[in-house]
file entry10.pdb (PDB, C-alpha atoms and all ligand atoms)
ATOM      1  CA  MET R  16       0.000   0.000   0.000
ATOM      2  CA  LEU R  17       2.791   2.464   0.900
ATOM      3  CA  PHE R  18       5.492   2.535  -1.777
ATOM      4  CA  ALA R  19       9.052   3.749  -1.227
ATOM      5  CA  LYS R  20      12.086   3.231  -3.427
ATOM      6  CA  GLN R  21      15.523   4.775  -3.447
ATOM      7  CA  HIS R  22      17.172   5.678  -6.759
ATOM      8  CA  SER R  23      20.717   6.826  -7.497
ATOM      9  CA  TYR R  24      21.275   9.359 -10.248
ATOM     10  CA  GLY R  25      25.041   9.750  -9.975
ATOM     11  CA  PRO R  26      25.644  11.939  -6.914
ATOM     12  CA  VAL R  27      21.916  12.700  -6.568
ATOM     13  CA  LYS R  28      19.751  10.404  -4.469
ATOM     14  CA  GLY R  29      16.083  10.199  -5.394
ATOM     15  CA  PHE R  30      13.418   8.915  -3.022
ATOM     16  CA  GLU R  31      10.254   7.853  -4.821
ATOM     17  CA  VAL R  32       7.187   7.516  -2.595
ATOM     18  CA  GLY R  33       3.450   7.152  -3.054
ATOM     19  CA  ILE R  34       0.253   5.312  -2.275
ATOM     20  CA  ALA R  35       0.188   2.083  -4.283
ATOM     21  CA  PRO R  36      -2.871  -0.168  -3.982
ATOM     22  CA  MET R  37      -1.261  -2.482  -6.580
ATOM     23  CA  GLY R  38       2.429  -2.340  -7.544
ATOM     24  CA  LYS R  39       3.323   1.156  -8.703
ATOM     25  CA  PRO R  40       2.105   4.322  -6.927
ATOM     26  CA  ILE R  41      -1.034   6.064  -8.208
ATOM     27  CA  LYS R  42       1.107   9.195  -8.283
ATOM     28  CA  SER R  43       4.817   8.970  -7.504
ATOM     29  CA  VAL R  44       6.400  11.856  -5.632
ATOM     30  CA  TYR R  45      10.182  12.301  -5.639
ATOM     31  CA  LEU R  46      12.394  13.860  -2.982
ATOM     32  CA  TYR R  47      15.990  14.555  -3.961
ATOM     33  CA  LEU R  48      19.112  14.683  -1.833
ATOM     34  CA  ILE R  49      22.210  16.321  -3.194
ATOM     35  CA  ASP R  50      25.263  17.157  -1.130
ATOM     36  CA  SER R  51      23.433  17.910   2.153
ATOM     37  CA  ILE R  52      20.435  19.631   0.525
ATOM     38  CA  LEU R  53      17.076  17.869   0.558
ATOM     39  CA  ILE R  54      14.640  19.103  -2.070
ATOM     40  CA  ASP R  55      10.977  18.550  -1.107
ATOM     41  CA  THR R  56       9.725  16.246   1.622
ATOM     42  CA  GLY R  57       6.934  14.073   0.199
ATOM     43  CA  PRO R  58       3.333  13.519   1.332
ATOM     44  CA  HIS R  59       2.477  13.150   5.012
ATOM     45  CA  HIS R  60       0.892   9.715   4.411
ATOM     46  CA  LEU R  61       4.415   8.477   3.654
ATOM     47  CA  ARG R  62       5.978  10.053   6.756
ATOM     48  CA  LYS R  63       7.263   6.792   8.273
ATOM     49  CA  LYS R  64       8.913   5.697   5.029
ATOM     50  CA  VAL R  65      10.385   9.172   4.420
ATOM     51  CA  SER R  66      11.586   9.525   7.991
ATOM     52  CA  SER R  67      13.400   6.181   7.861
ATOM     53  CA  MET R  68      14.927   6.766   4.405
ATOM     54  CA  ILE R  69      16.433  10.162   5.221
ATOM     55  CA  ASP R  70      19.738  10.034   7.096
ATOM     56  CA  CYS R  71      19.964  13.339   8.976
ATOM     57  CA  ASN R  72      23.750  13.167   8.944
ATOM     58  CA  ASN R  73      23.489  14.007   5.266
ATOM     59  CA  VAL R  74      21.002  16.893   5.529
ATOM     60  CA  ALA R  75      21.937  20.510   6.314
ATOM     61  CA  ALA R  76      18.877  22.249   4.849
ATOM     62  CA  ILE R  77      15.526  21.545   3.225
ATOM     63  CA  LEU R  78      14.417  23.409   0.101
ATOM     64  CA  LEU R  79      10.792  23.230  -1.012
ATOM     65  CA  THR R  80       9.771  23.778  -4.615
ATOM     66  CA  HIS R  81       6.331  24.922  -3.386
ATOM     67  CA  HIS R  82       3.891  24.505  -0.526
ATOM     68  CA  HIS R  83       1.563  21.819  -2.002
ATOM     69  CA  GLU R  84       0.907  18.940   0.380
ATOM     70  CA  ASP R  85       2.749  16.319  -1.685
ATOM     71  CA  HIS R  86       5.933  18.414  -1.423
ATOM     72  CA  SER R  87       5.687  19.925   2.066
ATOM     73  CA  GLY R  88       3.961  17.051   3.901
ATOM     74  CA  ASN R  89       7.014  16.055   5.949
ATOM     75  CA  ALA R  90       8.791  19.403   6.142
ATOM     76  CA  GLY R  91       7.916  19.873   9.826
ATOM     77  CA  LEU R  92       8.809  16.321  10.718
ATOM     78  CA  LEU R  93      12.197  16.415   8.978
ATOM     79  CA  LYS R  94      12.923  19.923  10.262
ATOM     80  CA  ASP R  95      12.572  18.586  13.816
ATOM     81  CA  GLN R  96      14.196  15.230  13.119
ATOM     82  CA  CYS R  97      17.288  16.738  11.496
ATOM     83  CA  SER R  98      17.273  20.163  13.239
ATOM     84  CA  VAL R  99      17.628  21.976   9.930
ATOM     85  CA  PRO R 100      15.905  25.015   8.388
ATOM     86  CA  VAL R 101      13.160  24.749   5.754
ATOM     87  CA  TYR R 102      13.314  27.242   2.898
ATOM     88  CA  LEU R 103      10.835  28.217   0.203
ATOM     89  CA  HIS R 104       9.643  31.284  -1.704
ATOM     90  CA  PRO R 105       8.073  33.942   0.594
ATOM     91  CA  ASN R 106       4.681  33.494  -1.145
ATOM     92  CA  GLY R 107       4.383  30.065   0.488
ATOM     93  CA  ILE R 108       5.548  30.842   4.033
ATOM     94  CA  ALA R 109       2.158  31.885   5.462
ATOM     95  CA  LYS R 110       0.464  28.852   3.859
ATOM     96  CA  LEU R 111       2.847  26.576   5.720
ATOM     97  CA  SER R 112       2.783  28.418   9.048
ATOM     98  CA  LYS R 113      -1.037  28.712   9.159
ATOM     99  CA  GLY R 114      -1.775  25.423   7.435
ATOM    100  CA  PHE R 115      -4.051  24.995   4.447
ATOM    101  CA  ASN R 116      -7.086  22.877   3.683
ATOM    102  CA  ILE R 117      -7.048  20.106   1.126
ATOM    103  CA  LEU R 118      -9.801  18.266  -0.735
ATOM    104  CA  PRO R 119     -10.791  14.615  -0.151
ATOM    105  CA  TYR R 120      -8.803  13.349  -3.173
ATOM    106  CA  GLN R 121      -5.690  15.086  -1.840
ATOM    107  CA  GLN R 122      -6.387  13.563   1.558
ATOM    108  CA  ILE R 123      -6.631  10.093  -0.049
ATOM    109  CA  LEU R 124      -3.459  10.440  -2.140
ATOM    110  CA  PHE R 125      -1.215  12.536   0.076
ATOM    111  CA  GLY R 126      -2.624  13.642   3.446
ATOM    112  CA  LYS R 127      -2.696  17.101   4.989
ATOM    113  CA  ALA R 128       0.628  18.852   5.519
ATOM    114  CA  PRO R 129       1.191  19.773   9.186
ATOM    115  CA  ARG R 130       2.109  23.384   9.867
ATOM    116  CA  VAL R 131       5.752  24.341   9.742
ATOM    117  CA  GLN R 132       7.662  27.575  10.111
ATOM    118  CA  ALA R 133       9.717  28.030   6.969
ATOM    119  CA  GLU R 134      12.119  30.774   5.951
ATOM    120  CA  THR R 135      12.640  32.759   2.754
ATOM    121  CA  CYS R 136      14.868  30.837   0.409
ATOM    122  CA  PRO R 137      18.106  32.607  -0.496
ATOM    123  CA  GLU R 138      18.647  33.064  -4.222
ATOM    124  CA  ILE R 139      21.956  31.225  -4.079
ATOM    125  CA  ILE R 140      22.509  28.120  -1.941
ATOM    126  CA  GLU R 141      26.083  26.925  -1.723
ATOM    127  CA  THR R 142      27.327  23.616  -0.351
ATOM    128  CA  GLU R 143      30.850  22.205  -0.379
ATOM    129  CA  LYS R 144      30.389  20.778  -3.848
ATOM    130  CA  ILE R 145      27.600  22.594  -5.618
ATOM    131  CA  THR R 146      25.814  25.911  -6.076
ATOM    132  CA  LEU R 147      22.045  25.940  -6.455
ATOM    133  CA  LYS R 148      20.210  28.937  -7.825
ATOM    134  CA  ALA R 149      16.579  29.430  -6.798
ATOM    135  CA  VAL R 150      14.461  30.650  -9.725
ATOM    136  CA  HIS R 151      10.907  31.799  -8.981
ATOM    137  CA  THR R 152       8.587  30.128 -11.505
ATOM    138  CA  PRO R 153       4.953  30.926 -10.562
ATOM    139  CA  GLY R 154       1.913  29.675 -12.452
ATOM    140  CA  HIS R 155       1.370  26.242 -10.941
ATOM    141  CA  SER R 156       1.350  28.024  -7.583
ATOM    142  CA  LYS R 157       2.345  31.532  -6.510
ATOM    143  CA  ASP R 158       5.401  30.278  -4.633
ATOM    144  CA  HIS R 159       6.663  27.758  -7.194
ATOM    145  CA  THR R 160      10.454  27.735  -7.459
ATOM    146  CA  VAL R 161      12.916  25.617  -9.407
ATOM    147  CA  TYR R 162      16.501  24.999  -8.315
ATOM    148  CA  HIS R 163      19.196  25.137 -10.968
ATOM    149  CA  VAL R 164      22.676  23.627 -10.661
ATOM    150  CA  GLU R 165      24.397  25.073 -13.703
ATOM    151  CA  GLN R 166      27.767  23.377 -13.225
ATOM    152  CA  GLU R 167      26.117  19.932 -13.408
ATOM    153  CA  GLY R 168      23.330  20.712 -15.892
ATOM    154  CA  TRP R 169      20.606  19.840 -13.387
ATOM    155  CA  LEU R 170      17.203  21.372 -12.877
ATOM    156  CA  PHE R 171      15.111  20.436  -9.827
ATOM    157  CA  SER R 172      11.834  21.418 -11.392
ATOM    158  CA  GLY R 173       9.130  20.614  -8.815
ATOM    159  CA  ASP R 174       5.810  20.690 -10.696
ATOM    160  CA  LEU R 175       6.905  23.001 -13.514
ATOM    161  CA  TYR R 176       7.019  20.125 -16.018
ATOM    162  CA  VAL R 177       5.176  16.980 -14.802
ATOM    163  CA  GLY R 178       4.034  16.302 -18.379
ATOM    164  CA  GLU R 179       4.254  17.930 -21.789
ATOM    165  CA  LYS R 180       0.643  18.057 -22.960
ATOM    166  CA  ILE R 181      -1.092  18.966 -19.748
ATOM    167  CA  GLN R 182      -4.871  18.898 -20.141
ATOM    168  CA  PHE R 183      -6.077  19.699 -16.664
ATOM    169  CA  PHE R 184      -5.416  22.786 -14.572
ATOM    170  CA  ARG R 185      -6.091  23.267 -10.911
ATOM    171  CA  ILE R 186      -8.485  26.114 -10.226
ATOM    172  CA  ASP R 187      -5.640  28.384  -9.063
ATOM    173  CA  GLU R 188      -3.211  27.723 -11.932
ATOM    174  CA  ARG R 189      -2.340  30.514 -14.379
ATOM    175  CA  ILE R 190      -1.341  29.782 -17.940
ATOM    176  CA  ASP R 191       0.223  33.207 -18.589
ATOM    177  CA  GLN R 192       2.502  32.852 -15.569
ATOM    178  CA  GLN R 193       3.353  29.266 -16.506
ATOM    179  CA  ILE R 194       4.357  30.406 -19.995
ATOM    180  CA  ASP R 195       6.537  33.183 -18.533
ATOM    181  CA  SER R 196       8.102  30.740 -16.066
ATOM    182  CA  LEU R 197       8.837  28.196 -18.789
ATOM    183  CA  LYS R 198      10.386  30.967 -20.930
ATOM    184  CA  LYS R 199      12.585  31.938 -18.001
ATOM    185  CA  THR R 200      13.576  28.290 -17.503
ATOM    186  CA  VAL R 201      14.404  27.754 -21.179
ATOM    187  CA  GLU R 202      17.071  30.450 -20.729
ATOM    188  CA  LEU R 203      18.873  28.184 -18.251
ATOM    189  CA  ASP R 204      21.501  25.642 -19.222
ATOM    190  CA  PHE R 205      20.574  22.094 -18.113
ATOM    191  CA  ASP R 206      19.895  18.638 -19.485
ATOM    192  CA  ILE R 207      18.751  16.544 -16.516
ATOM    193  CA  LEU R 208      15.271  17.231 -15.240
ATOM    194  CA  PHE R 209      14.700  16.246 -11.624
ATOM    195  CA  CYS R 210      10.916  16.598 -11.908
ATOM    196  CA  ALA R 211       9.016  15.913  -8.670
ATOM    197  CA  HIS R 212       6.827  13.333 -10.426
ATOM    198  CA  ARG R 213       8.608  12.242 -13.635
ATOM    199  CA  PRO R 214      12.385  12.657 -13.607
ATOM    200  CA  SER R 215      14.225  12.523 -16.909
ATOM    201  CA  MET R 216      17.953  11.823 -17.090
ATOM    202  CA  LYS R 217      18.279  13.262 -20.593
ATOM    203  CA  ASP R 218      16.725  15.882 -22.860
ATOM    204  CA  GLY R 219      15.321  17.798 -19.889
ATOM    205  CA  HIS R 220      15.745  21.120 -21.658
ATOM    206  CA  THR R 221      13.893  19.810 -24.733
ATOM    207  CA  LEU R 222      11.016  18.614 -22.538
ATOM    208  CA  ILE R 223      10.655  22.055 -20.944
ATOM    209  CA  LYS R 224      10.800  23.733 -24.381
ATOM    210  CA  ARG R 225       8.140  21.365 -25.733
ATOM    211  CA  LYS R 226       5.845  22.140 -22.826
ATOM    212  CA  LEU R 227       6.377  25.860 -23.419
ATOM    213  CA  ASP R 228       5.525  25.490 -27.129
ATOM    214  CA  TYR R 229       2.443  23.435 -26.296
ATOM    215  CA  LEU R 230       1.091  25.954 -23.770
ATOM    216  CA  ILE R 231       1.738  28.884 -26.123
ATOM    217  CA  SER R 232      -0.088  27.120 -28.939
ATOM    218  CA  PHE R 233      -2.983  26.064 -26.670
ATOM    219  CA  ASN R 234      -3.330  29.625 -25.416
ATOM    220  CA  GLN R 235      -3.355  30.995 -28.978
ATOM    221  CA  GLN R 236      -5.963  28.453 -30.043
ATOM    222  CA  VAL R 237      -8.296  29.502 -27.216
ATOM    223  CA  LEU R 238      -7.813  33.194 -27.932
ATOM    224  CA  GLU R 239      -8.448  32.732 -31.667
ATOM    225  CA  LEU R 240     -11.723  30.924 -30.994
ATOM    226  CA  HIS R 241     -12.667  33.697 -28.593
ATOM    227  CA  LYS R 242     -11.878  36.288 -31.282
ATOM    228  CA  LYS R 243     -14.268  34.475 -33.606
ATOM    229  CA  GLY R 244     -16.971  35.154 -31.032
ATOM    230  CA  MET R 245     -17.147  31.748 -29.364
ATOM    231  CA  LYS R 246     -18.296  31.638 -25.749
ATOM    232  CA  GLU R 247     -16.258  29.894 -23.045
ATOM    233  CA  LYS R 248     -18.495  26.815 -22.907
ATOM    234  CA  ASP R 249     -18.356  26.410 -26.700
ATOM    235  CA  ILE R 250     -14.553  26.661 -26.731
ATOM    236  CA  ILE R 251     -14.398  23.985 -24.019
ATOM    237  CA  LYS R 252     -16.733  21.787 -26.105
ATOM    238  CA  ARG R 253     -14.752  22.345 -29.310
ATOM    239  CA  LEU R 254     -11.357  21.532 -27.750
ATOM    240  CA  ARG R 255     -12.596  18.923 -25.308
ATOM    241  CA  VAL R 256     -10.229  16.200 -24.095
ATOM    242  CA  LYS R 257     -10.649  12.613 -22.957
ATOM    243  CA  ASN R 258     -11.009  11.814 -19.248
ATOM    244  CA  ASP R 259     -12.090  15.319 -18.315
ATOM    245  CA  LEU R 260     -15.197  14.164 -16.466
ATOM    246  CA  PRO R 261     -13.530  11.405 -14.353
ATOM    247  CA  VAL R 262     -10.691  13.781 -13.383
ATOM    248  CA  LYS R 263     -13.190  16.531 -12.588
ATOM    249  CA  LEU R 264     -15.310  14.191 -10.461
ATOM    250  CA  PHE R 265     -12.347  12.660  -8.622
ATOM    251  CA  THR R 266     -10.891  16.074  -7.804
ATOM    252  CA  MET R 267     -14.320  17.556  -7.022
ATOM    253  CA  GLY R 268     -13.820  20.155  -9.730
ATOM    254  CA  ASN R 269     -10.374  21.273  -8.540
ATOM    255  CA  ALA R 270      -8.614  19.960 -11.646
ATOM    256  CA  CYS R 271     -10.244  19.945 -15.081
ATOM    257  CA  PHE R 272      -9.890  21.080 -18.685
ATOM    258  CA  SER R 273     -12.306  23.982 -18.215
ATOM    259  CA  HIS R 274      -9.883  25.656 -15.785
ATOM    260  CA  MET R 275      -7.195  25.543 -18.465
ATOM    261  CA  VAL R 276      -9.429  27.227 -21.050
ATOM    262  CA  ARG R 277     -10.707  29.706 -18.466
ATOM    263  CA  SER R 278      -7.120  30.552 -17.509
ATOM    264  CA  SER R 279      -6.402  31.595 -21.120
ATOM    265  CA  LEU R 280      -9.556  33.711 -21.291
ATOM    266  CA  ASN R 281      -8.743  35.332 -17.946
ATOM    267  CA  THR R 282      -5.371  36.344 -19.393
ATOM    268  CA  LEU R 283      -7.233  38.249 -22.082
ATOM    269  CA  GLN R 284      -9.438  40.010 -19.546
ATOM    270  CA  ASP R 285      -6.407  40.876 -17.384
ATOM    271  CA  ASN R 286      -4.666  42.404 -20.405
ATOM    272  CA  GLN R 287      -7.739  44.485 -21.262
ATOM    273  CA  GLN R 288      -7.962  45.983 -17.761
TER     274      GLN R 288
HETATM  275 FE    FE B 301       2.042  21.020  -6.996
END

call {"tool": "encode", "arguments": {"input": "entry10.pdb", "output": "structure tokens"}}
result
Amino acid sequence: MLFAKQHSYGPVKGFEVGIAPMGKPIKSVYLYLIDSILIDTGPHHLRKKVSSMIDCNNVAAILLTHHHEDHSGNAGLLKDQCSVPVYLHPNGIAKLSKGFNILPYQQILFGKAPRVQAETCPEIIETEKITLKAVHTPGHSKDHTVYHVEQEGWLFSGDLYVGEKIQFFRIDERIDQQIDSLKKTVELDFDILFCAHRPSMKDGHTLIKRKLDYLISFNQQVLELHKKGMKEKDIIKRLRVKNDLPVKLFTMGNACFSHMVRSSLNTLQDNQQ
């Protein structure tokens, strides 16, 4: 039921965890450890597995890519266990200190993240062997941050990538910000993508570029249909994707295709204001 597996990617350790009724997790979440820096902490449901896999002797600080419960679920536990600071973008600090509600599907898959006092992440994080640069990449969430290790060609990308042809947005996701964040990321030099759900040991830069191109083209398609006078519900019908209804029902409307279309149309309204 509880899945945990350790991977080695050269000097980077990856800890894959998730709820797995049969074999593989429904949704794998990866934590990464590189030269005393732990990136993300996994869902709270997996706290026992995470706690036993992480050797505190090797952890000097925790960096979070964003506050979502599958990334911050064990931040408080590991902060106490290892006596180390937790860092993330300032936009996520209040969420973590006050706590935030989650929906039943998030409770089933990940569990609620206990409160934790985090600190503002410095832009540059240096260890004995590497230098990480924090790059703010909002759109998936307001606090979303990727960590770039230029000398090694690594990008710890949190939920910036996850998949190329994304078809479902959470209600709070913004396509314009995601496009800007992907553009910013394409400027960086890297090849290995340490995605929090689907790591790729090669062609990481190409994957990010492809996602950028896809979102730009999706956005244009929506705006062109709007220009032709189509209403939101007709655009959604015209572009509709498979599995929208099951995803919408499972997430109680938090994630669906309509939010993606609406996000494009909102961009238009924002620009007109
Ligand atoms: Fe997320």

call {"tool": "residues_near_ligand", "arguments": {"input": "entry10.pdb", "ligand": "ligand FE 301 (chain B)", "cutoff": "10 Å", "atoms": "all atoms listed in the file", "output": "VMD selection string"}}
result
chain R and resid 80 to 87 155 to 156 159 173 to 175 177 185 188 211 to 212

call {"tool": "atom_distance", "arguments": {"input": "entry10.pdb", "atom1": "atom CA of Ser23 of chain R", "atom2": "atom CA of Ile139 of chain R"}}
result
24.7 Å

call {"tool": "residues_around", "arguments": {"input": "entry10.pdb", "residues": "Glu247 of chain R", "least_positions_apart": "2", "cutoff": "8 Å", "atoms": "only C-alpha atoms", "output": "list in words"}}
result
His241, Met245, Asp249, Ile250, Ile251, Val276, Arg277 and Leu280 of chain R

call {"tool": "closest_atom_pairs", "arguments": {"input": "entry10.pdb", "of": "segment 204-223 of chain R", "to": "segment 191-197 of chain R", "cutoff": "12 Å", "atoms": "only C-alpha atoms", "output": "Markdown table"}}
result
| residue | atom | partner | partner_atom | distance |
| --- | --- | --- | --- | --- |
| R:His220 | CA | R:Leu197 | CA | 10.3 |
| R:Thr221 | CA | R:Leu197 | CA | 11.5 |
| R:Leu222 | CA | R:Leu197 | CA | 10.5 |
| R:Ile223 | CA | R:Leu197 | CA | 6.8 |

call {"tool": "atom_distance", "arguments": {"input": "entry10.pdb", "atom1": "atom CA of Thr135 of chain R", "atom2": "atom CA of Pro105 of chain R"}}
result
5.2 Å

call {"tool": "residues_around", "arguments": {"input": "entry10.pdb", "residues": "Gly178 of chain R", "least_positions_apart": "3", "cutoff": "8 Å", "atoms": "only C-alpha atoms", "output": "list of chain:residue names"}}
result
R:Ile181, R:Arg213, R:Lys226

call {"tool": "write_last_selection", "arguments": {"input": "entry10.pdb", "atoms": "C-alpha atoms", "output": "compact mmCIF listing (two decimals), in the coordinates of the input"}}
result
# COMPACT_ATOMS: atom_id res chain seq x y z
CA ILE R 181 -1.09 18.97 -19.75
CA ARG R 213 8.61 12.24 -13.64
CA LYS R 226 5.84 22.14 -22.83

call {"tool": "atom_distance", "arguments": {"input": "entry10.pdb", "atom1": "atom CA of Phe209 of chain R", "atom2": "atom CA of Asn89 of chain R"}}
result
19.2 Å

call {"tool": "resolve_selection", "arguments": {"input": "entry10.pdb", "expression": "the PyMOL selection byres (((chain R and resi 103) around 10) and not hetatm)", "output": "PDB file with C-alpha atoms, in the frame of the given file"}}
result
ATOM      1  CA  ASP R  55      10.977  18.550  -1.107  1.00  0.00           C
ATOM      2  CA  ILE R  77      15.526  21.545   3.225  1.00  0.00           C
ATOM      3  CA  LEU R  78      14.417  23.409   0.101  1.00  0.00           C
ATOM      4  CA  LEU R  79      10.792  23.230  -1.012  1.00  0.00           C
ATOM      5  CA  THR R  80       9.771  23.778  -4.615  1.00  0.00           C
ATOM      6  CA  HIS R  81       6.331  24.922  -3.386  1.00  0.00           C
ATOM      7  CA  HIS R  82       3.891  24.505  -0.526  1.00  0.00           C
ATOM      8  CA  SER R  87       5.687  19.925   2.066  1.00  0.00           C
ATOM      9  CA  VAL R 101      13.160  24.749   5.754  1.00  0.00           C
ATOM     10  CA  TYR R 102      13.314  27.242   2.898  1.00  0.00           C
ATOM     11  CA  HIS R 104       9.643  31.284  -1.704  1.00  0.00           C
ATOM     12  CA  PRO R 105       8.073  33.942   0.594  1.00  0.00           C
ATOM     13  CA  ASN R 106       4.681  33.494  -1.145  1.00  0.00           C
ATOM     14  CA  GLY R 107       4.383  30.065   0.488  1.00  0.00           C
ATOM     15  CA  ILE R 108       5.548  30.842   4.033  1.00  0.00           C
ATOM     16  CA  LEU R 111       2.847  26.576   5.720  1.00  0.00           C
ATOM     17  CA  ALA R 133       9.717  28.030   6.969  1.00  0.00           C
ATOM     18  CA  GLU R 134      12.119  30.774   5.951  1.00  0.00           C
ATOM     19  CA  THR R 135      12.640  32.759   2.754  1.00  0.00           C
ATOM     20  CA  CYS R 136      14.868  30.837   0.409  1.00  0.00           C
ATOM     21  CA  PRO R 137      18.106  32.607  -0.496  1.00  0.00           C
ATOM     22  CA  ALA R 149      16.579  29.430  -6.798  1.00  0.00           C
ATOM     23  CA  HIS R 151      10.907  31.799  -8.981  1.00  0.00           C
ATOM     24  CA  ASP R 158       5.401  30.278  -4.633  1.00  0.00           C
ATOM     25  CA  HIS R 159       6.663  27.758  -7.194  1.00  0.00           C
ATOM     26  CA  THR R 160      10.454  27.735  -7.459  1.00  0.00           C
TER      27      THR R 160
END

call {"tool": "axis_aligned_box", "arguments": {"input": "entry10.pdb", "around": "segment 275-281 of chain R", "padding_each_side": "5 Å", "output": "lines of an AutoDock Vina configuration file"}}
result
center_x = -8.6
center_y = 30.4
center_z = -19.4
size_x = 14.3
size_y = 19.8
size_z = 13.8

call {"tool": "resolve_selection", "arguments": {"input": "entry10.pdb", "expression": "the PyMOL selection byres (((chain R and resi 169) around 9) and not hetatm)", "output": "short mmCIF file (atom, residue, chain, number, x, y, z; two decimals) with C-alpha atoms, in the coordinates of the input"}}
result
data_model
loop_
_atom_site.label_atom_id
_atom_site.label_comp_id
_atom_site.auth_asym_id
_atom_site.auth_seq_id
_atom_site.Cartn_x
_atom_site.Cartn_y
_atom_site.Cartn_z
CA TYR R 162 16.50 25.00 -8.32
CA HIS R 163 19.20 25.14 -10.97
CA VAL R 164 22.68 23.63 -10.66
CA GLU R 165 24.40 25.07 -13.70
CA GLN R 166 27.77 23.38 -13.22
CA GLU R 167 26.12 19.93 -13.41
CA GLY R 168 23.33 20.71 -15.89
CA LEU R 170 17.20 21.37 -12.88
CA PHE R 171 15.11 20.44 -9.83
CA ASP R 204 21.50 25.64 -19.22
CA PHE R 205 20.57 22.09 -18.11
CA ASP R 206 19.90 18.64 -19.48
CA ILE R 207 18.75 16.54 -16.52
CA LEU R 208 15.27 17.23 -15.24
CA PHE R 209 14.70 16.25 -11.62
CA GLY R 219 15.32 17.80 -19.89
#

call {"tool": "resolve_selection", "arguments": {"input": "entry10.pdb", "expression": "the PyMOL selection byres (((chain R and resi 62) around 10) and not hetatm)", "output": "ChimeraX atom specification"}}
result
/R:32,56-61,63-68,88-90,92-93,126
